[in-house]
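Shown next: target_18.cif, given as mmCIF, C-alpha atoms.
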data_entry
loop_
_atom_site.group_PDB
_atom_site.id
_atom_site.type_symbol
_atom_site.label_atom_id
_atom_site.label_comp_id
_atom_site.auth_asym_id
_atom_site.auth_seq_id
_atom_site.Cartn_x
_atom_site.Cartn_y
_atom_site.Cartn_z
ATOM 1 C CA MET A 1 -16.017 -10.573 10.310
ATOM 2 C CA ILE A 2 -16.565 -6.943 11.308
ATOM 3 C CA TYR A 3 -14.322 -5.583 14.052
ATOM 4 C CA GLN A 4 -16.173 -4.086 17.000
ATOM 5 C CA ASP A 5 -14.829 -0.555 17.369
ATOM 6 C CA SER A 6 -17.278 1.697 19.172
ATOM 7 C CA LYS A 7 -15.283 4.904 18.617
ATOM 8 C CA ASN A 8 -14.178 4.108 15.029
ATOM 9 C CA SER A 9 -10.554 4.871 15.786
ATOM 10 C CA CYS A 10 -7.757 5.522 13.301
ATOM 11 C CA ASN A 11 -5.862 2.410 12.149
ATOM 12 C CA ILE A 12 -2.517 4.065 12.829
ATOM 13 C CA CYS A 13 -2.716 6.552 15.706
ATOM 14 C CA ASP A 14 -5.924 5.412 17.508
ATOM 15 C CA ASN A 15 -7.340 8.926 17.220
ATOM 16 C CA PRO A 16 -11.175 9.024 16.998
ATOM 17 C CA ILE A 17 -12.047 9.626 13.356
ATOM 18 C CA THR A 18 -14.465 12.111 11.785
ATOM 19 C CA GLN A 19 -17.097 10.771 9.406
ATOM 20 C CA ILE A 20 -16.879 12.808 6.195
ATOM 21 C CA SER A 21 -19.324 10.961 3.936
ATOM 22 C CA LEU A 22 -22.898 9.797 4.174
ATOM 23 C CA SER A 23 -23.515 6.245 5.381
ATOM 24 C CA ASN A 24 -24.352 3.678 2.730
ATOM 25 C CA LYS A 25 -26.482 0.755 3.891
ATOM 26 C CA ILE A 26 -25.562 -2.483 2.120
ATOM 27 C CA ASP A 27 -27.563 -5.706 2.350
ATOM 28 C CA SER A 28 -27.995 -8.885 0.314
ATOM 29 C CA ASN A 29 -30.049 -7.039 -2.329
ATOM 30 C CA THR A 30 -27.463 -4.289 -2.884
ATOM 31 C CA ARG A 31 -25.445 -4.185 -6.104
ATOM 32 C CA HIS A 32 -22.493 -1.889 -5.500
ATOM 33 C CA SER A 33 -19.318 -3.173 -7.220
ATOM 34 C CA TRP A 34 -17.624 -6.517 -7.769
ATOM 35 C CA GLU A 35 -15.168 -5.772 -4.946
ATOM 36 C CA SER A 36 -17.832 -4.693 -2.451
ATOM 37 C CA ASP A 37 -20.273 -7.491 -3.305
ATOM 38 C CA SER A 38 -17.590 -10.182 -3.111
ATOM 39 C CA THR A 39 -16.330 -8.850 0.240
ATOM 40 C CA PHE A 40 -19.901 -8.802 1.561
ATOM 41 C CA GLU A 41 -20.239 -12.516 0.732
ATOM 42 C CA ILE A 42 -16.763 -13.415 1.994
ATOM 43 C CA LEU A 43 -17.547 -11.805 5.375
ATOM 44 C CA ASN A 44 -20.941 -13.575 5.450
ATOM 45 C CA LEU A 45 -22.801 -10.384 6.377
ATOM 46 C CA SER A 46 -26.525 -9.671 6.511
ATOM 47 C CA GLU A 47 -26.189 -5.886 6.308
ATOM 48 C CA VAL A 48 -23.606 -3.202 6.984
ATOM 49 C CA ASN A 49 -23.331 0.609 6.939
ATOM 50 C CA CYS A 50 -20.265 1.895 5.057
ATOM 51 C CA PHE A 51 -18.797 5.394 5.189
ATOM 52 C CA LEU A 52 -15.508 7.249 4.799
ATOM 53 C CA GLY A 53 -13.767 8.385 7.983
ATOM 54 C CA PHE A 54 -10.936 10.914 8.290
ATOM 55 C CA CYS A 55 -8.224 11.189 10.947
ATOM 56 C CA THR A 56 -7.304 14.800 11.764
ATOM 57 C CA LYS A 57 -4.072 13.646 13.412
ATOM 58 C CA CYS A 58 -2.390 11.677 10.614
ATOM 59 C CA PHE A 59 -4.607 12.724 7.670
ATOM 60 C CA GLN A 60 -5.461 9.247 6.449
ATOM 61 C CA SER A 61 -8.934 8.356 5.157
ATOM 62 C CA THR A 62 -10.400 4.930 5.852
ATOM 63 C CA ILE A 63 -13.491 3.078 4.698
ATOM 64 C CA TYR A 64 -15.484 1.948 7.729
ATOM 65 C CA PRO A 65 -16.511 -0.301 9.348
ATOM 66 C CA LYS A 66 -13.241 -2.122 9.938
ATOM 67 C CA PHE A 67 -13.353 -5.769 8.890
ATOM 68 C CA ASN A 68 -11.013 -8.747 8.794
ATOM 69 C CA THR A 69 -9.234 -8.096 5.503
ATOM 70 C CA ASP A 70 -7.278 -11.354 5.895
ATOM 71 C CA LEU A 71 -10.380 -13.269 4.801
ATOM 72 C CA ILE A 72 -10.278 -11.700 1.336
ATOM 73 C CA TYR A 73 -6.868 -13.198 0.575
ATOM 74 C CA THR A 74 -7.539 -16.875 1.107
ATOM 75 C CA ASN A 75 -8.187 -19.608 -1.450
ATOM 76 C CA SER A 76 -11.946 -19.534 -0.813
ATOM 77 C CA GLY A 77 -11.966 -15.729 -0.861
ATOM 78 C CA SER A 78 -10.153 -15.763 -4.199
ATOM 79 C CA GLN A 79 -12.840 -17.970 -5.743
ATOM 80 C CA ILE A 80 -15.595 -15.601 -4.598
ATOM 81 C CA ARG A 81 -13.682 -12.592 -5.942
ATOM 82 C CA LYS A 82 -13.304 -14.384 -9.289
ATOM 83 C CA LYS A 83 -17.040 -15.078 -9.449
ATOM 84 C CA TYR A 84 -18.024 -11.453 -8.914
ATOM 85 C CA TYR A 85 -15.300 -10.029 -11.166
ATOM 86 C CA GLU A 86 -16.466 -12.091 -14.127
ATOM 87 C CA LYS A 87 -20.103 -11.289 -13.314
ATOM 88 C CA TYR A 88 -19.473 -7.542 -13.440
ATOM 89 C CA ASN A 89 -17.013 -7.724 -16.363
ATOM 90 C CA LYS A 90 -18.699 -9.802 -19.043
ATOM 91 C CA GLY A 91 -16.266 -11.566 -21.336
ATOM 92 C CA LYS A 92 -13.229 -10.970 -19.120
ATOM 93 C CA ILE A 93 -11.363 -13.593 -17.120
ATOM 94 C CA TYR A 94 -10.265 -12.795 -13.570
ATOM 95 C CA GLY A 95 -6.513 -12.178 -13.659
ATOM 96 C CA GLY A 96 -6.400 -12.575 -17.427
ATOM 97 C CA ASP A 97 -7.094 -9.071 -18.747
ATOM 98 C CA ASP A 98 -4.585 -6.387 -19.751
ATOM 99 C CA LYS A 99 -4.140 -5.204 -16.170
ATOM 100 C CA TYR A 100 -0.392 -4.760 -16.384
ATOM 101 C CA GLY A 101 -0.152 -3.353 -19.883
ATOM 102 C CA LYS A 102 0.674 -6.540 -21.782
ATOM 103 C CA ASN A 103 -0.561 -5.010 -25.029
ATOM 104 C CA LYS A 104 0.884 -1.523 -24.514
ATOM 105 C CA ASN A 105 3.947 0.131 -25.998
ATOM 106 C CA ILE A 106 7.006 -1.486 -24.401
ATOM 107 C CA PHE A 107 9.055 1.702 -24.732
ATOM 108 C CA GLU A 108 6.435 3.750 -22.883
ATOM 109 C CA LEU A 109 6.213 1.149 -20.102
ATOM 110 C CA THR A 110 10.003 1.052 -19.740
ATOM 111 C CA SER A 111 10.250 4.843 -19.664
ATOM 112 C CA ASN A 112 7.657 5.082 -16.886
ATOM 113 C CA GLU A 113 9.434 2.419 -14.838
ATOM 114 C CA PHE A 114 12.794 4.105 -15.316
ATOM 115 C CA ASN A 115 11.423 7.422 -14.047
ATOM 116 C CA ARG A 116 10.114 5.725 -10.924
ATOM 117 C CA PHE A 117 13.369 3.972 -10.123
ATOM 118 C CA LYS A 118 15.428 7.132 -10.510
ATOM 119 C CA ILE A 119 13.700 8.303 -7.332
ATOM 120 C CA VAL A 120 13.650 4.915 -5.598
ATOM 121 C CA SER A 121 17.332 4.275 -6.313
ATOM 122 C CA LYS A 122 18.252 7.605 -4.755
ATOM 123 C CA MET A 123 16.360 6.744 -1.552
ATOM 124 C CA ILE A 124 17.786 3.227 -1.351
ATOM 125 C CA SER A 125 21.357 4.278 -2.183
ATOM 126 C CA GLU A 126 21.361 6.566 0.858
ATOM 127 C CA THR A 127 21.101 3.447 3.056
ATOM 128 C CA ILE A 128 23.799 1.365 1.336
ATOM 129 C CA ARG A 129 27.490 2.078 1.659
ATOM 130 C CA ILE A 130 29.242 0.754 -1.395
ATOM 131 C CA GLY A 131 31.934 -1.809 -0.646
ATOM 132 C CA GLU A 132 30.777 -2.553 2.919
ATOM 133 C CA ILE A 133 28.452 -5.469 2.093
ATOM 134 C CA LYS A 134 29.189 -8.744 0.306
ATOM 135 C CA THR A 135 25.732 -10.315 0.433
ATOM 136 C CA TYR A 136 22.313 -8.693 0.728
ATOM 137 C CA SER A 137 19.036 -10.429 1.556
ATOM 138 C CA ILE A 138 15.554 -9.243 0.540
ATOM 139 C CA LEU A 139 12.133 -10.359 1.751
ATOM 140 C CA ASP A 140 9.316 -9.355 -0.601
ATOM 141 C CA TYR A 141 6.438 -9.642 1.863
ATOM 142 C CA ALA A 142 3.151 -10.477 0.121
ATOM 143 C CA GLY A 143 4.967 -9.716 -3.114
ATOM 144 C CA GLY A 144 2.980 -11.921 -5.479
ATOM 145 C CA ASP A 145 5.184 -12.849 -8.423
ATOM 146 C CA GLY A 146 8.194 -10.933 -7.090
ATOM 147 C CA TYR A 147 8.168 -8.244 -9.782
ATOM 148 C CA ILE A 148 9.372 -5.384 -7.574
ATOM 149 C CA SER A 149 11.910 -7.418 -5.549
ATOM 150 C CA GLN A 150 13.631 -8.590 -8.724
ATOM 151 C CA LEU A 151 13.971 -4.980 -9.821
ATOM 152 C CA PHE A 152 15.366 -4.067 -6.400
ATOM 153 C CA SER A 153 17.782 -6.972 -6.608
ATOM 154 C CA LEU A 154 19.251 -5.629 -9.843
ATOM 155 C CA LEU A 155 19.329 -2.108 -8.420
ATOM 156 C CA ILE A 156 21.168 -3.062 -5.214
ATOM 157 C CA HIS A 157 23.625 -5.307 -7.035
ATOM 158 C CA THR A 158 24.404 -2.421 -9.397
ATOM 159 C CA LEU A 159 24.862 0.028 -6.519
ATOM 160 C CA SER A 160 26.942 -2.171 -4.234
ATOM 161 C CA LYS A 161 28.195 -5.150 -6.328
ATOM 162 C CA ALA A 162 26.868 -7.371 -3.539
ATOM 163 C CA LYS A 163 25.349 -10.794 -4.076
ATOM 164 C CA VAL A 164 21.588 -10.431 -3.556
ATOM 165 C CA ASN A 165 19.265 -13.182 -2.298
ATOM 166 C CA VAL A 166 15.503 -12.711 -2.683
ATOM 167 C CA GLN A 167 12.657 -14.497 -0.925
ATOM 168 C CA VAL A 168 9.072 -13.831 -2.057
ATOM 169 C CA TYR A 169 5.670 -14.641 -0.529
ATOM 170 C CA ASP A 170 2.295 -13.992 -2.056
ATOM 171 C CA LEU A 171 -0.801 -12.908 -0.135
ATOM 172 C CA ILE A 172 -2.505 -16.274 0.129
ATOM 173 C CA GLU A 173 0.671 -18.007 1.295
ATOM 174 C CA TRP A 174 1.137 -15.276 3.905
ATOM 175 C CA GLN A 175 -2.455 -15.478 5.161
ATOM 176 C CA ASP A 176 -2.220 -19.248 5.493
ATOM 177 C CA PHE A 177 0.595 -18.664 8.012
ATOM 178 C CA LYS A 178 3.111 -20.767 6.079
ATOM 179 C CA ILE A 179 5.488 -17.849 6.253
ATOM 180 C CA ASP A 180 6.196 -18.056 9.991
ATOM 181 C CA LYS A 181 7.605 -21.581 9.896
ATOM 182 C CA SER A 182 9.654 -21.086 6.729
ATOM 183 C CA LEU A 183 11.132 -17.777 7.943
ATOM 184 C CA ASP A 184 11.956 -19.005 11.427
ATOM 185 C CA ARG A 185 15.223 -17.421 12.632
ATOM 186 C CA LYS A 186 15.846 -15.710 9.275
ATOM 187 C CA LYS A 187 16.811 -12.040 9.111
ATOM 188 C CA PHE A 188 16.763 -9.742 6.096
ATOM 189 C CA ASP A 189 18.600 -6.569 5.103
ATOM 190 C CA LEU A 190 15.620 -5.224 3.172
ATOM 191 C CA ILE A 191 11.925 -5.979 3.556
ATOM 192 C CA ILE A 192 9.574 -4.751 0.839
ATOM 193 C CA LEU A 193 5.970 -3.827 1.590
ATOM 194 C CA SER A 194 4.773 -2.773 -1.854
ATOM 195 C CA HIS A 195 1.094 -1.943 -2.375
ATOM 196 C CA ILE A 196 -0.038 -4.015 0.589
ATOM 197 C CA ILE A 197 -0.523 -1.620 3.542
ATOM 198 C CA GLU A 198 -3.627 -0.097 1.923
ATOM 199 C CA HIS A 199 -5.266 -3.543 1.931
ATOM 200 C CA THR A 200 -5.347 -3.998 5.712
ATOM 201 C CA HIS A 201 -7.169 -2.462 8.662
ATOM 202 C CA THR A 202 -4.253 -3.479 10.903
ATOM 203 C CA PRO A 203 -1.144 -1.877 9.337
ATOM 204 C CA ARG A 204 0.721 -1.564 12.659
ATOM 205 C CA LYS A 205 0.316 -5.284 13.262
ATOM 206 C CA MET A 206 1.772 -5.976 9.816
ATOM 207 C CA VAL A 207 4.763 -3.673 10.298
ATOM 208 C CA ASP A 208 5.449 -5.069 13.772
ATOM 209 C CA LYS A 209 5.308 -8.611 12.411
ATOM 210 C CA VAL A 210 7.724 -8.097 9.529
ATOM 211 C CA SER A 211 10.055 -6.142 11.832
ATOM 212 C CA ASN A 212 10.830 -9.465 13.537
ATOM 213 C CA TYR A 213 12.530 -10.558 10.311
ATOM 214 C CA LEU A 214 14.631 -7.395 9.945
ATOM 215 C CA ASN A 215 18.358 -7.233 10.648
ATOM 216 C CA SER A 216 19.384 -4.690 13.269
ATOM 217 C CA ASN A 217 20.712 -2.414 10.521
ATOM 218 C CA GLY A 218 18.063 -3.433 7.988
ATOM 219 C CA ILE A 219 15.483 -1.228 6.335
ATOM 220 C CA ILE A 220 11.869 -1.504 5.218
ATOM 221 C CA TYR A 221 10.816 -0.107 1.859
ATOM 222 C CA CYS A 222 7.093 0.700 1.807
ATOM 223 C CA GLU A 223 5.092 1.863 -1.187
ATOM 224 C CA VAL A 224 1.371 2.645 -1.343
ATOM 225 C CA PRO A 225 -0.743 4.209 -4.103
ATOM 226 C CA ASP A 226 -1.346 7.931 -3.670
ATOM 227 C CA GLU A 227 -5.145 7.867 -3.682
ATOM 228 C CA ARG A 228 -5.812 11.120 -1.852
ATOM 229 C CA ILE A 229 -7.679 12.436 -4.882
ATOM 230 C CA LEU A 230 -10.331 9.768 -4.235
ATOM 231 C CA ILE A 231 -11.453 11.635 -1.134
ATOM 232 C CA THR A 232 -13.382 13.862 -3.563
ATOM 233 C CA LYS A 233 -15.703 10.881 -4.041
ATOM 234 C CA ILE A 234 -17.565 12.031 -0.938
ATOM 235 C CA LEU A 235 -19.317 14.539 -3.195
ATOM 236 C CA PHE A 236 -21.012 11.943 -5.405
ATOM 237 C CA TYR A 237 -20.044 8.405 -4.366
ATOM 238 C CA LYS A 238 -21.526 5.887 -1.951
ATOM 239 C CA PHE A 239 -18.775 3.865 -0.324
ATOM 240 C CA GLY A 240 -18.762 0.089 -0.184
ATOM 241 C CA LEU A 241 -16.422 -2.641 1.086
ATOM 242 C CA HIS A 242 -13.453 -1.802 -1.119
ATOM 243 C CA TYR A 243 -10.204 -3.830 -1.149
ATOM 244 C CA HIS A 244 -8.216 -0.638 -0.607
ATOM 245 C CA VAL A 245 -9.545 0.156 2.836
ATOM 246 C CA THR A 246 -7.216 3.099 3.539
ATOM 247 C CA TYR A 247 -6.088 6.177 1.589
ATOM 248 C CA HIS A 248 -2.717 7.233 2.993
ATOM 249 C CA THR A 249 -0.631 10.396 3.196
ATOM 250 C CA ARG A 250 3.080 10.949 3.843
ATOM 251 C CA ARG A 251 2.094 11.939 7.363
ATOM 252 C CA SER A 252 0.179 8.710 8.041
ATOM 253 C CA ILE A 253 2.970 6.498 6.676
ATOM 254 C CA TYR A 254 5.524 8.369 8.792
ATOM 255 C CA LYS A 255 3.410 7.915 11.930
ATOM 256 C CA LEU A 256 2.905 4.236 11.096
ATOM 257 C CA PHE A 257 6.639 3.541 11.272
ATOM 258 C CA GLN A 258 7.205 5.975 14.120
ATOM 259 C CA ASN A 259 4.622 4.114 16.223
ATOM 260 C CA SER A 260 6.487 0.865 15.484
ATOM 261 C CA ASP A 261 9.725 2.280 16.983
ATOM 262 C CA PHE A 262 11.497 3.169 13.736
ATOM 263 C CA GLN A 263 13.912 6.042 14.288
ATOM 264 C CA ASN A 264 15.029 6.871 10.751
ATOM 265 C CA ILE A 265 12.177 7.447 8.315
ATOM 266 C CA LYS A 266 12.187 9.017 4.861
ATOM 267 C CA THR A 267 8.940 9.597 2.949
ATOM 268 C CA ARG A 268 8.138 11.088 -0.422
ATOM 269 C CA TYR A 269 5.248 11.694 -2.818
ATOM 270 C CA ILE A 270 5.956 10.566 -6.387
ATOM 271 C CA TYR A 271 3.539 12.222 -8.800
ATOM 272 C CA ASN A 272 4.897 10.443 -11.864
ATOM 273 C CA SER A 273 5.519 6.914 -10.602
ATOM 274 C CA SER A 274 4.884 3.562 -12.250
ATOM 275 C CA ASN A 275 2.925 0.388 -11.583
ATOM 276 C CA ARG A 276 4.481 -2.258 -13.825
ATOM 277 C CA GLY A 277 5.116 0.400 -16.433
ATOM 278 C CA ASN A 278 1.710 2.069 -16.189
ATOM 279 C CA LYS A 279 1.786 5.650 -14.953
ATOM 280 C CA ALA A 280 0.717 5.955 -11.337
ATOM 281 C CA ARG A 281 1.118 8.193 -8.297
ATOM 282 C CA ALA A 282 2.599 6.760 -5.140
ATOM 283 C CA ILE A 283 3.832 7.426 -1.622
ATOM 284 C CA VAL A 284 7.146 5.771 -0.795
ATOM 285 C CA ALA A 285 8.970 5.381 2.510
ATOM 286 C CA VAL A 286 12.286 3.957 3.663
ATOM 287 C CA ALA A 287 12.514 3.214 7.389
ATOM 288 C CA GLY A 288 15.210 1.802 9.659
ATOM 289 C CA LYS A 289 15.497 1.306 13.412
ATOM 290 C CA LYS A 290 19.253 1.708 13.811
ATOM 291 C CA GLU A 291 20.785 2.353 10.422
ATOM 292 C CA LYS A 292 21.655 6.028 9.934
ATOM 293 C CA PHE A 293 20.923 7.330 6.480
ATOM 294 C CA ASN A 294 23.680 9.144 4.620
ATOM 295 C CA LYS A 295 21.450 12.217 4.533
ATOM 296 C CA ASN A 296 19.141 13.662 7.164
ATOM 297 C CA LYS A 297 15.912 11.787 7.676
ATOM 298 C CA ASN A 298 12.543 13.384 6.969
ATOM 299 C CA ARG A 299 10.568 15.020 9.680
ATOM 300 C CA GLU A 300 6.907 14.297 10.195
ATOM 301 C CA THR A 301 5.030 16.381 7.652
ATOM 302 C CA TYR A 302 2.956 19.228 9.051
ATOM 303 C CA ARG A 303 -0.805 19.516 8.624
ATOM 304 C CA ILE A 304 -0.531 22.676 6.536
ATOM 305 C CA TYR A 305 1.901 20.866 4.222
ATOM 306 C CA GLU A 306 -0.576 18.008 3.711
ATOM 307 C CA ILE A 307 -3.403 20.440 2.957
ATOM 308 C CA LEU A 308 -1.337 22.310 0.366
ATOM 309 C CA SER A 309 -0.026 19.024 -1.051
ATOM 310 C CA PHE A 310 -3.587 17.722 -1.423
ATOM 311 C CA PHE A 311 -4.643 20.689 -3.537
ATOM 312 C CA TYR A 312 -1.436 20.403 -5.530
ATOM 313 C CA SER A 313 -2.204 16.731 -6.223
ATOM 314 C CA ILE A 314 -5.631 17.753 -7.544
ATOM 315 C CA PHE A 315 -3.936 20.283 -9.843
ATOM 316 C CA ILE A 316 -1.482 17.639 -11.119
ATOM 317 C CA TYR A 317 -4.321 15.158 -11.630
ATOM 318 C CA PHE A 318 -6.329 17.491 -13.865
ATOM 319 C CA LEU A 319 -3.175 18.664 -15.635
ATOM 320 C CA HIS A 320 -2.453 15.077 -16.658
ATOM 321 C CA LYS A 321 -6.068 14.660 -17.757
ATOM 322 C CA ILE A 322 -5.832 17.706 -19.992
ATOM 323 C CA SER A 323 -2.455 16.716 -21.468
ATOM 324 C CA ARG A 324 -3.596 13.285 -22.617
#

Rewritten as C-alpha cells:
Amino acid sequence: MIYQDSKNSCNICDNPITQISLSNKIDSNTRHSWESDSTFEILNLSEVNCFLGFCTKCFQSTIYPKFNTDLIYTNSGSQIRKKYYEKYNKGKIYGGDDKYGKNKNIFELTSNEFNRFKIVSKMISETIRIGEIKTYSILDYAGGDGYISQLFSLLIHTLSKAKVNVQVYDLIEWQDFKIDKSLDRKKFDLIILSHIIEHTHTPRKMVDKVSNYLNSNGIIYCEVPDERILITKILFYKFGLHYHVTYHTRRSIYKLFQNSDFQNIKTRYIYNSSNRGNKARAIVAVAGKKEKFNKNKNRETYRIYEILSFFYSIFIYFLHKISR
C-alpha cells in the first residue's frame, strides 16, 4: 500500500521535501534488486516511480513514495523476501549466510564490539546513578534475537549492580500486534530501538507508541546506521523500494525525539562502531522526558555542522577503504 502524500512531506518534521534524484519507474517487468522486487510484490503494485527526497530542515534523506513498511515484516512478507533473496543470490539460503561474521576472526569481532560499547556505556552511564536502583527493566522493541539488549543488560548490571530484567520482541511479533496485549500496564526503565527507525516511514508513530511503555524517568536508546554516504548514489544509482527507507542524521534523530516531547536528548556520530562485531558507522541517541542527565544534553545540531560532518564522513569512508 502506497501512502497518498501529495506534497511528499518529511517523515519527521512534515517539511516539504526536495527531490534530489531522477525518478525511476518500476513495473512488473523491472529487475532492480531482491529487496525492491520483493517489496513491489508484497505491496501488490502495478507500477511506481521511486526517487530520493531530501529535507532541508532536518537533513534526512528518504526514498519515496512512502509505503506501508509494516507489510514487509509479516509472515507472508517474509516468505516473499526469502524467495527473491535466494533468486538473486544463487546457492545462498535466506538468513543462513555469514551475515554476522560467523566465520570471521573472533578477536577482531570482539575488539570492534568493545570499541562501540566504550562510547555507548559512557552515554548510558550518564543516565544511571549508581546505588539508586535495585532493579532495572529493559524492553528491546523489535529486537529480534535480543543480541543488543543482552549486552546492555550486562553493561547496566556492571555499572549499577542492579538486577536487570529484559523483554524482547521481534519484528513479526510486533507487527502482528501481540505486543500490546502482553505489555499492557507494563513500564520500562530503558527501551531500545536499535536499527529499526530506518525501516519505517512513520518513525514518530513508533516513538510515540513505545513512549507509552516508558517509566516517567526512563530513557530510550536509539541507534541507526550512518548511511549518509549513500546519498552520493544520486550520481549513478536508480532508487528502488529499499528496506532502509530513510537515511538519518544527528539533526533528524534529535528532531524526531523533540517532536515526541522528549526534553533531554543526546546524540552522537560513531565512525568506528560495530554491528555484531563487524565494523560499521552509526548514529546513536539517548532521550528522556523527565530524567536529567548527569551532563548537559546536546543541542540540536546546526545545518553548517551537518554539512561539514557529511564531508568529513566521506573523508573517513575513503580513508578506511585505503587502509584495508

| Which residues match the PyMOL selection byres ((chain A and resi 47-55) around 7) in the file above, as a count of residues only? | 28

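Using only C-alpha atoms for every distance, the candidate list A:Ile42, A:Asn272, A:Gly95, A:Leu319 yields A:Ile42 as the residue closest to Asn75 in chain A.
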
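For the residues A:Ile265, A:Ile229, A:Leu235, A:Val168, ranking by smallest atom-to-atom distance to Arg281 in chain A using only C-alpha atoms places A:Ile229 first.
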
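Proximity of A:Lys238, A:His248, A:Arg303, A:Lys92 to Cys222 in chain A, computed with all atoms listed in the file, is greatest for A:His248.
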
List the residues selected by the PyMOL selection byres ((chain A and resi 196) around 12) in the file shown, writing them as a PDB file with C-alpha atoms, keeping the file's coordinate frame.
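Produced file result02.pdb, reproduced below:
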ATOM      1  CA  THR A  69      -9.234  -8.096   5.503  1.00  0.00           C
ATOM      2  CA  ASP A  70      -7.278 -11.354   5.895  1.00  0.00           C
ATOM      3  CA  TYR A  73      -6.868 -13.198   0.575  1.00  0.00           C
ATOM      4  CA  ASP A 140       9.316  -9.355  -0.601  1.00  0.00           C
ATOM      5  CA  TYR A 141       6.438  -9.642   1.863  1.00  0.00           C
ATOM      6  CA  ALA A 142       3.151 -10.477   0.121  1.00  0.00           C
ATOM      7  CA  GLY A 143       4.967  -9.716  -3.114  1.00  0.00           C
ATOM      8  CA  GLY A 144       2.980 -11.921  -5.479  1.00  0.00           C
ATOM      9  CA  ASP A 170       2.295 -13.992  -2.056  1.00  0.00           C
ATOM     10  CA  LEU A 171      -0.801 -12.908  -0.135  1.00  0.00           C
ATOM     11  CA  TRP A 174       1.137 -15.276   3.905  1.00  0.00           C
ATOM     12  CA  ILE A 192       9.574  -4.751   0.839  1.00  0.00           C
ATOM     13  CA  LEU A 193       5.970  -3.827   1.590  1.00  0.00           C
ATOM     14  CA  SER A 194       4.773  -2.773  -1.854  1.00  0.00           C
ATOM     15  CA  HIS A 195       1.094  -1.943  -2.375  1.00  0.00           C
ATOM     16  CA  ILE A 197      -0.523  -1.620   3.542  1.00  0.00           C
ATOM     17  CA  GLU A 198      -3.627  -0.097   1.923  1.00  0.00           C
ATOM     18  CA  HIS A 199      -5.266  -3.543   1.931  1.00  0.00           C
ATOM     19  CA  THR A 200      -5.347  -3.998   5.712  1.00  0.00           C
ATOM     20  CA  HIS A 201      -7.169  -2.462   8.662  1.00  0.00           C
ATOM     21  CA  THR A 202      -4.253  -3.479  10.903  1.00  0.00           C
ATOM     22  CA  PRO A 203      -1.144  -1.877   9.337  1.00  0.00           C
ATOM     23  CA  MET A 206       1.772  -5.976   9.816  1.00  0.00           C
ATOM     24  CA  VAL A 207       4.763  -3.673  10.298  1.00  0.00           C
ATOM     25  CA  TYR A 221      10.816  -0.107   1.859  1.00  0.00           C
ATOM     26  CA  CYS A 222       7.093   0.700   1.807  1.00  0.00           C
ATOM     27  CA  GLU A 223       5.092   1.863  -1.187  1.00  0.00           C
ATOM     28  CA  VAL A 224       1.371   2.645  -1.343  1.00  0.00           C
ATOM     29  CA  PRO A 225      -0.743   4.209  -4.103  1.00  0.00           C
ATOM     30  CA  TYR A 243     -10.204  -3.830  -1.149  1.00  0.00           C
ATOM     31  CA  HIS A 244      -8.216  -0.638  -0.607  1.00  0.00           C
ATOM     32  CA  VAL A 245      -9.545   0.156   2.836  1.00  0.00           C
ATOM     33  CA  THR A 246      -7.216   3.099   3.539  1.00  0.00           C
ATOM     34  CA  TYR A 247      -6.088   6.177   1.589  1.00  0.00           C
ATOM     35  CA  HIS A 248      -2.717   7.233   2.993  1.00  0.00           C
TER      36      HIS A 248
END

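Nearest residue to Ser211 in chain A, choosing from A:Tyr169, A:Ile283, A:Gly146, A:Gly288 and counting only C-alpha atoms: A:Gly288.
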
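One finds CA of Leu151 in chain A at 13.8 Å from CA of Asn112 in chain A.
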